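Enquirer: Below: one structure in structure tokens.
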Amino acid sequence: MSLYKIMIVDDEAEVRQAIARKIDWRAVGFEIVADAENGRDALEKVETLDLDVVLTDIKMPFMDGLELGAELSRRKPNLKLIVFSGFDEFEYAKEAIKLNVVEYVLKPVNAAELTAILDRVRKVLDEEIEQRRNISQLTQAYQESLPLLREKFLQDLMRGPMDPRVLEAQAERFALTVREGAYKVAAVCDIVHSGERRPALSAELVPVSVQQMLSDALRDRCQSEIVLGVSSILIATSWERDPVESLMRILGEVCTECERILGVTLTVGIGRPCQNLEELCRSCGEARAALEYRAVVGMGKPIYIQDMERLDRTVPEGDSHREQQLLSVIKFGSQEQIAAMVDKLLAEGDGEWSDQSRAIGMLGTLLPVIQRCRLGEEAMLGPRGMWLGLLAEDTPMEELRAWLLSVCLNMSGCMDQRRVSTAKRLVEEAERYIRENYPDSGLSVDRLCDHLHISQSYFSTIFKQETGRSYVQYLTDVRMEHAVELLRTTDDKTYMVAEKVGYDEPNYFSYVFKKRFGVSPSQFRK
């Protein structure tokens, strides 16, 4: 078993160093991967680190251990929290946080006591992992999964439209939990076994374990039905409020857990919310389309179709299988894969059709794709007279193939450029919004993403790719830039400068400023 990762949070560096020295961390199964001097600092680091345990003090500036614990229980429900506190706040701490605190330590921290606590926490973590890896338990869960008829009904429900009367009767017969709720959303999961790590379970048991992890993560947050398919896992959920951000966060945690515990890569496509069960098949179709974009944005994460449609509004509805295949390869394939698809389509009818007939047949597949993607017929095919001449004359197949391949490669390049330029425009709009609203202390990534109409997960990805900085880093840079300008050009007091650049706590503004420039605001002005 690899070492569990722990972070120590205390506003006194001496305390953090003393705790680090007192314990033989490797002997108790842990390694310290980070420390933080307050709750806000800890929260920023938690987002970028794969932690198992946070060891935190109660009393700290800017955000205390209680606020940190409450926020961690919301964002990282699987993370274990150990709280240490003075005697006078010990009972208060026990009452104030009950969500994910596994142990309390009374100050001053005793090495023997802390070692015993860490040993207990390690056993809890070991048991949780072992439970997911317990082959006999997973085998039993697999055998006791939903009856075949119920699973088939759920698969049919998410595959295509059903007669409303049949749907209502079957949903009641099988007691579907997703019948209620104002919003219904479908998701489709794809599991890939990493070549770098050996999976912790056999191939047939991995989906069962993933299904259990999904069920545990969604329980008490929404109503859900999870079905094991032949090559994927289907999820139907229902919620009382708009669920996209919550679902993205929950499924993102499961993706991380799958990589860490099972050694497999889980990617999840998510469709748009719908209002009733009849529309769930539409949401599921969008989820499958979203999953295809893993070739663009990467695997091991949730992908929301609306984020992708902003870049490329080409989700097929009712298209022929031939068109869908061609569109998928043009959007996501390499040059070699596009060439192979062109050869495959031109080979259809070989021996029965002339070269021109097969080329015309493929063009009949290309034209609807060009129109639906709004790529422009002349921009993709060239002047009408030129390509009509190619098809009308006795043009050799090699020349026809070269032209059709150039059309497909042109379409692929255009779609790639569209994705890049649209992502860039989104980031430019985000930067503009931040620079216009940085004085507002309530400015948050949630509000920014609502303004842009994209998910936080996707925004974080493209913003970091385009700017090289996270949202928090960029916002801090903008605020510090304007703070420096105010300190240089005005006589405003420090608390006034703090308020003008978006900090409602002057002490926290001074802390961030000194961390950035090495001196306090007043020293900087002097």
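In the structure tokens, chains take letters A, B, ... by order of appearance, with residues numbered from 1 within each chain and ligands from 1 in the order shown.
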If we count only C-alpha atoms and set the cut-off at 10 Å, which residues sit around A:Ile360, ignoring sequence neighbours fewer than 3 positions away in its own chain? Please answer as an mmCIF file with N, CA and C atoms, in the first residue's frame.
Expert:
```
data_model
loop_
_atom_site.group_PDB
_atom_site.id
_atom_site.type_symbol
_atom_site.label_atom_id
_atom_site.label_comp_id
_atom_site.auth_asym_id
_atom_site.auth_seq_id
_atom_site.Cartn_x
_atom_site.Cartn_y
_atom_site.Cartn_z
ATOM 1 N N LEU A 346 -15.312 5.042 -49.804
ATOM 2 C CA LEU A 346 -15.189 4.889 -51.265
ATOM 3 C C LEU A 346 -15.229 3.430 -51.693
ATOM 4 N N SER A 354 -19.484 2.738 -60.418
ATOM 5 C CA SER A 354 -18.338 3.370 -61.075
ATOM 6 C C SER A 354 -17.613 4.248 -60.066
ATOM 7 N N ASP A 355 -16.395 4.678 -60.443
ATOM 8 C CA ASP A 355 -15.637 5.560 -59.559
ATOM 9 C C ASP A 355 -16.416 6.837 -59.254
ATOM 10 N N GLN A 356 -17.043 7.417 -60.291
ATOM 11 C CA GLN A 356 -17.791 8.656 -60.097
ATOM 12 C C GLN A 356 -18.985 8.434 -59.157
ATOM 13 N N SER A 357 -19.659 7.256 -59.297
ATOM 14 C CA SER A 357 -20.829 6.977 -58.463
ATOM 15 C C SER A 357 -20.429 6.881 -56.990
ATOM 16 N N LEU A 363 -19.800 12.237 -51.435
ATOM 17 C CA LEU A 363 -20.120 13.663 -51.390
ATOM 18 C C LEU A 363 -21.519 13.873 -50.800
ATOM 19 N N GLY A 364 -22.425 12.946 -51.100
ATOM 20 C CA GLY A 364 -23.770 13.017 -50.518
ATOM 21 C C GLY A 364 -23.747 12.863 -49.003
ATOM 22 N N THR A 365 -22.725 12.192 -48.494
ATOM 23 C CA THR A 365 -22.551 12.088 -47.042
ATOM 24 C C THR A 365 -21.902 13.348 -46.486
ATOM 25 N N LEU A 366 -20.962 13.922 -47.243
ATOM 26 C CA LEU A 366 -20.225 15.108 -46.772
ATOM 27 C C LEU A 366 -21.088 16.373 -46.731
ATOM 28 N N LEU A 388 -17.918 19.942 -59.708
ATOM 29 C CA LEU A 388 -18.909 19.292 -60.578
ATOM 30 C C LEU A 388 -18.214 18.706 -61.803
ATOM 31 N N LEU A 391 -16.619 15.373 -60.991
ATOM 32 C CA LEU A 391 -17.563 14.261 -60.883
ATOM 33 C C LEU A 391 -18.189 13.895 -62.225
ATOM 34 N N ALA A 392 -18.270 14.877 -63.119
ATOM 35 C CA ALA A 392 -18.921 14.620 -64.409
ATOM 36 C C ALA A 392 -17.988 13.946 -65.386
ATOM 37 N N LEU A 400 -9.956 11.555 -57.582
ATOM 38 C CA LEU A 400 -11.179 11.798 -56.804
ATOM 39 C C LEU A 400 -10.912 11.607 -55.302
#
```
Enquirer: For the structure I just gave you, how does DSSP split stretch 218-411 of chain A - specifically, which residues are alpha helix (DSSP H)? Reply as number ranges by chain.
Expert: A: 218, 244-257, 280-292, 294-297, 305-311, 321-332, 335-347, 355-372, 377-381, 384-392, 397-411
Enquirer: I'd like the contact shell of A:Glu225 - 12 Å cut-off, only C-alpha atoms, skipping same-chain residues fewer than 6 positions apart - returned as an MDAnalysis selection string.
Expert: chainID A and resid 145:146 150:151 153:155 157:158 171 174:179 184:188 211:212 214:216 218:219 233:238
Enquirer: Counting only C-alpha atoms, what is within 10 Å of A:Gln17, bar same-chain residues fewer than 6 positions away, as a list of chain:residue names?
Expert: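 The neighbour list is A:Ile8, A:Asp10, A:Asp35.
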Enquirer: Kindly export the residues of the current selection with N, CA and C atoms, as a CSV table (one decimal), in the first residue's frame.
Expert:
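The resulting file, result.csv, is reproduced below:
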```csv
chain,number,residue,atom,x,y,z
A,8,ILE,N,-0.7,19.7,6.8
A,8,ILE,CA,-0.7,20.3,8.1
A,8,ILE,C,-1.1,21.7,8.0
A,10,ASP,N,-1.7,25.2,10.2
A,10,ASP,CA,-1.6,26.0,11.4
A,10,ASP,C,-0.9,27.3,11.1
A,35,ASP,N,1.9,22.1,3.5
A,35,ASP,CA,1.4,22.7,4.8
A,35,ASP,C,0.8,24.0,4.4
```
Enquirer: From the list A:Met162, A:Ala359, A:Leu345, A:Leu148, which residue is nearest A:Glu279 when using only C-alpha atoms?
Expert: A:Met162
Enquirer: Need to verify the contact set: A:Val9, 8 Å, only C-alpha atoms, exclusion of same-chain residues closer than 6 positions in sequence. Can you return it as a PyMOL selection string?
Expert: chain A and resi 16+35-39+42+54-57
Enquirer: May I have the residues from that selection written out with C-alpha atoms, as a PDB file, in the first residue's frame?
Expert:
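Result file is again-v2.pdb:
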```pdb
ATOM      1  CA  ARG A  16       3.853  22.980  11.804  1.00  0.00           C
ATOM      2  CA  ASP A  35       1.403  22.704   4.764  1.00  0.00           C
ATOM      3  CA  ALA A  36      -0.654  25.888   5.012  1.00  0.00           C
ATOM      4  CA  GLU A  37      -0.798  28.830   7.375  1.00  0.00           C
ATOM      5  CA  ASN A  38      -4.556  29.472   7.289  1.00  0.00           C
ATOM      6  CA  GLY A  39      -7.798  27.986   6.024  1.00  0.00           C
ATOM      7  CA  ALA A  42      -5.296  25.351   2.691  1.00  0.00           C
ATOM      8  CA  VAL A  54      -5.906  17.300   6.576  1.00  0.00           C
ATOM      9  CA  LEU A  55      -4.572  17.984  10.079  1.00  0.00           C
ATOM     10  CA  THR A  56      -5.720  21.479  11.119  1.00  0.00           C
ATOM     11  CA  ASP A  57      -5.755  23.858  14.053  1.00  0.00           C
TER      12      ASP A  57
END
```
Enquirer: Could you pull the residues within 6 Å of stretch 424-431 of chain A, counting only C-alpha atoms, minus those fewer than 3 positions along the same chain, as a ChimeraX atom specification?
Expert: /A:421,434,463
Enquirer: Generate a file of the selected residues that holds N, CA and C atoms, formatted as a CSV table (one decimal), in the first residue's frame.
Expert:
```
chain,number,residue,atom,x,y,z
A,421,SER,N,-10.2,29.1,-31.4
A,421,SER,CA,-10.6,30.5,-31.4
A,421,SER,C,-11.7,30.8,-30.4
A,434,ILE,N,-13.3,39.9,-15.2
A,434,ILE,CA,-12.5,40.0,-14.0
A,434,ILE,C,-12.0,41.4,-13.8
A,463,PHE,N,-9.0,28.2,-19.1
A,463,PHE,CA,-8.3,29.4,-18.5
A,463,PHE,C,-6.9,29.1,-18.2
```
Enquirer: Which polymer residues have any atom within 9 Å of an atom of A:Cys255, counting only C-alpha atoms, with same-chain residues fewer than 3 positions away left out, as a list of chain:residue names?
Expert: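 Those residues are A:Ile250, A:Leu251, A:Gly252, A:Cys258, A:Glu259, A:Arg260, A:Val264, A:Thr265, A:Leu266, A:Thr267, A:Val268, A:Gly300, A:Lys301, A:Pro302.
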Enquirer: Using only C-alpha atoms, which of the listed residues (A:Val296, A:Leu381, A:Met248, A:Met496) sits closest to A:Asp416?
Expert: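 Nearest candidate to A:Asp416 out of A:Val296, A:Leu381, A:Met248, A:Met496: A:Val296.
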